[in-house]
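Peer 1: Before I ask anything, here is the structure I am working with.
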Amino acid sequence: MKHLQLVFILISFLFYHSSIAQHNDTINCYKKVNKKTKMLQKSTYTKAVKKIGNTFEQYNYTLQFKELSSILNNKTITKHFKHTNSNANIKIREASFKTCNGSFITVYYKQKNNKWYPLECLISL
């Protein structure tokens with residue numbers, strides 16, 4: 001009977017230790033994602049690729065002003081496009097960067113003077 005109790009205690013300890021390690025991994029991943037997101041919000045696309053690496057998905061769109069709400073929130077649209085003609089064609093790049101534990105950050109960029117500037121970041125954990 002004592003052996004059975006000892007086995008139960010060891011198994012319980014291993015599950016507890018594993019749970020703590022997984023929790024710590026999740027916290028470390030969150031910190032990395034947060035740090036990368038802050039960097040991506042300030043970096044052109046070219047600088048982001050140099051710092052983080054290539055994207056695993058990337059799409060370029062040409063949208064009219066009225067279509068922006070399908071991918072960007074209203075605050076972003078107001079901040080970056082308030083003086084834009086409603087019939088203007090706007091170039092948008094959507095780029096997704098892998099982070100950790102299957103997480104990724106998707107950044108929407110607008111093109112200006114042949115550079116891609118960040119508009120908005122979305123995090124998928």
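Labels for the structure tokens follow display order: chains A, B, ..., residues from 1 in each chain, ligands from 1.
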From range 19-94 of chain A, collect each residue whose DSSP state is strand (DSSP E) and return the set as a CSV table (one decimal) with C-alpha atoms, in the first residue's frame.
Peer 2:
chain,number,residue,atom,x,y,z
A,57,GLU,CA,1.8,34.8,-45.0
A,58,GLN,CA,1.7,38.0,-46.9
A,59,TYR,CA,-1.0,39.6,-49.1
A,60,ASN,CA,-1.2,42.9,-50.9
A,61,TYR,CA,-4.5,44.6,-51.5
A,62,THR,CA,-5.7,47.6,-53.4
A,63,LEU,CA,-8.8,48.8,-51.7
A,64,GLN,CA,-11.1,51.8,-52.0
A,89,ASN,CA,-7.2,53.3,-54.4
A,90,ILE,CA,-5.3,52.5,-51.2
A,91,LYS,CA,-2.5,49.9,-51.1
A,92,ILE,CA,-2.5,47.7,-48.0
A,93,ARG,CA,-0.1,44.9,-47.1
A,94,GLU,CA,-1.2,42.2,-44.6
Peer 1: Quick one: DSSP helix (DSSP H, G or I) residues in chain A, as an NGL selection string?
Peer 2: :A and (2-40 or 45-52 or 65-70 or 74-81)
Peer 1: Tell me which of A:Lys75, A:Lys38, A:Lys50, A:Lys82 sits closest to Val107 in chain A, counting only C-alpha atoms.
Peer 2: A:Lys38
Peer 1: Find the residues around Tyr45 in chain A up to 8 Å (only C-alpha atoms counted), leave out those fewer than 4 positions away in its own chain, and share them as a ChimeraX atom specification.
Peer 2: /A:49,109,115-118
Peer 1: Could you please take those selected residues and save all heavy atoms as a PDB file, in the first residue's frame?
Peer 2:
ATOM      1  N   VAL A  49      11.018  42.722 -41.060  1.00  0.00           N
ATOM      2  CA  VAL A  49      11.554  41.470 -41.600  1.00  0.00           C
ATOM      3  C   VAL A  49      13.008  41.293 -41.174  1.00  0.00           C
ATOM      4  O   VAL A  49      13.424  40.182 -40.831  1.00  0.00           O
ATOM      5  CB  VAL A  49      11.403  41.429 -43.142  1.00  0.00           C
ATOM      6  CG1 VAL A  49      12.187  40.286 -43.749  1.00  0.00           C
ATOM      7  CG2 VAL A  49       9.927  41.320 -43.522  1.00  0.00           C
ATOM      8  N   TYR A 109      -0.197  47.186 -43.166  1.00  0.00           N
ATOM      9  CA  TYR A 109       0.665  48.304 -43.544  1.00  0.00           C
ATOM     10  C   TYR A 109       0.013  49.112 -44.660  1.00  0.00           C
ATOM     11  O   TYR A 109      -0.748  48.570 -45.457  1.00  0.00           O
ATOM     12  CB  TYR A 109       2.003  47.785 -44.097  1.00  0.00           C
ATOM     13  CG  TYR A 109       2.846  47.015 -43.127  1.00  0.00           C
ATOM     14  CD1 TYR A 109       2.721  45.636 -43.007  1.00  0.00           C
ATOM     15  CD2 TYR A 109       3.801  47.652 -42.341  1.00  0.00           C
ATOM     16  CE1 TYR A 109       3.512  44.914 -42.129  1.00  0.00           C
ATOM     17  CE2 TYR A 109       4.609  46.934 -41.459  1.00  0.00           C
ATOM     18  CZ  TYR A 109       4.451  45.570 -41.362  1.00  0.00           C
ATOM     19  OH  TYR A 109       5.240  44.860 -40.494  1.00  0.00           O
ATOM     20  N   LYS A 115       7.527  52.731 -49.264  1.00  0.00           N
ATOM     21  CA  LYS A 115       7.767  52.006 -48.013  1.00  0.00           C
ATOM     22  C   LYS A 115       6.424  51.606 -47.436  1.00  0.00           C
ATOM     23  O   LYS A 115       5.405  52.229 -47.687  1.00  0.00           O
ATOM     24  CB  LYS A 115       8.519  52.888 -47.003  1.00  0.00           C
ATOM     25  CG  LYS A 115       9.962  53.128 -47.363  1.00  0.00           C
ATOM     26  CD  LYS A 115      10.670  53.831 -46.228  1.00  0.00           C
ATOM     27  CE  LYS A 115      12.135  54.046 -46.576  1.00  0.00           C
ATOM     28  NZ  LYS A 115      12.854  54.688 -45.474  1.00  0.00           N
ATOM     29  N   TRP A 116       6.451  50.542 -46.647  1.00  0.00           N
ATOM     30  CA  TRP A 116       5.245  50.048 -45.993  1.00  0.00           C
ATOM     31  C   TRP A 116       5.300  50.418 -44.513  1.00  0.00           C
ATOM     32  O   TRP A 116       6.185  49.974 -43.789  1.00  0.00           O
ATOM     33  CB  TRP A 116       5.130  48.545 -46.161  1.00  0.00           C
ATOM     34  CG  TRP A 116       4.881  48.116 -47.568  1.00  0.00           C
ATOM     35  CD1 TRP A 116       5.803  47.684 -48.470  1.00  0.00           C
ATOM     36  CD2 TRP A 116       3.632  48.106 -48.249  1.00  0.00           C
ATOM     37  NE1 TRP A 116       5.205  47.388 -49.667  1.00  0.00           N
ATOM     38  CE2 TRP A 116       3.863  47.639 -49.558  1.00  0.00           C
ATOM     39  CE3 TRP A 116       2.323  48.434 -47.891  1.00  0.00           C
ATOM     40  CZ2 TRP A 116       2.853  47.487 -50.495  1.00  0.00           C
ATOM     41  CZ3 TRP A 116       1.315  48.288 -48.824  1.00  0.00           C
ATOM     42  CH2 TRP A 116       1.583  47.821 -50.104  1.00  0.00           C
ATOM     43  N   TYR A 117       4.330  51.226 -44.062  1.00  0.00           N
ATOM     44  CA  TYR A 117       4.268  51.701 -42.678  1.00  0.00           C
ATOM     45  C   TYR A 117       3.126  51.004 -41.938  1.00  0.00           C
ATOM     46  O   TYR A 117       2.032  50.839 -42.485  1.00  0.00           O
ATOM     47  CB  TYR A 117       4.051  53.210 -42.643  1.00  0.00           C
ATOM     48  CG  TYR A 117       5.229  53.976 -43.200  1.00  0.00           C
ATOM     49  CD1 TYR A 117       5.291  54.322 -44.544  1.00  0.00           C
ATOM     50  CD2 TYR A 117       6.300  54.309 -42.380  1.00  0.00           C
ATOM     51  CE1 TYR A 117       6.390  55.007 -45.060  1.00  0.00           C
ATOM     52  CE2 TYR A 117       7.398  54.991 -42.890  1.00  0.00           C
ATOM     53  CZ  TYR A 117       7.435  55.337 -44.222  1.00  0.00           C
ATOM     54  OH  TYR A 117       8.520  56.002 -44.725  1.00  0.00           O
ATOM     55  N   PRO A 118       3.354  50.630 -40.667  1.00  0.00           N
ATOM     56  CA  PRO A 118       2.333  49.882 -39.922  1.00  0.00           C
ATOM     57  C   PRO A 118       1.112  50.733 -39.593  1.00  0.00           C
ATOM     58  O   PRO A 118       1.224  51.908 -39.272  1.00  0.00           O
ATOM     59  CB  PRO A 118       3.062  49.460 -38.649  1.00  0.00           C
ATOM     60  CG  PRO A 118       4.143  50.459 -38.476  1.00  0.00           C
ATOM     61  CD  PRO A 118       4.547  50.880 -39.852  1.00  0.00           C
TER      62      PRO A 118
END
Peer 1: Expressed in Å to a single decimal, how great is the separation between CA of His83 in chain A and CA of Ser43 in chain A?
Peer 2: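 These atoms are spaced 23.2 Å apart.
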Peer 1: Any idea what's packed within 12 Å of Phe81 in chain A, counting only C-alpha atoms, ignoring anything in its chain fewer than 2 positions away? Could you give it as a ChimeraX atom specification?
Peer 2: /A:64-66,68-69,72-79,83-86,88-91,110,119
Peer 1: What's the 10 Å shell around Lys36 in chain A, counting only C-alpha atoms, without same-chain residues fewer than 6 positions away, as an MDAnalysis selection string?
Peer 2: chainID A and resid 30 48 51:52 97 99 105
Peer 1: So, counting only C-alpha atoms, which residue among A:Asn101, A:Thr106, A:Ser70, A:Asn113 is closest to Leu125 in chain A?
Peer 2: A:Asn101
Peer 1: Considering only C-alpha atoms, state which residue in the set A:Ser103, A:Thr44, A:Thr55, A:Asn28 is at the smallest distance from Leu122 in chain A.
Peer 2: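 Ranked by minimum distance to Leu122 in chain A, first place goes to A:Ser103.
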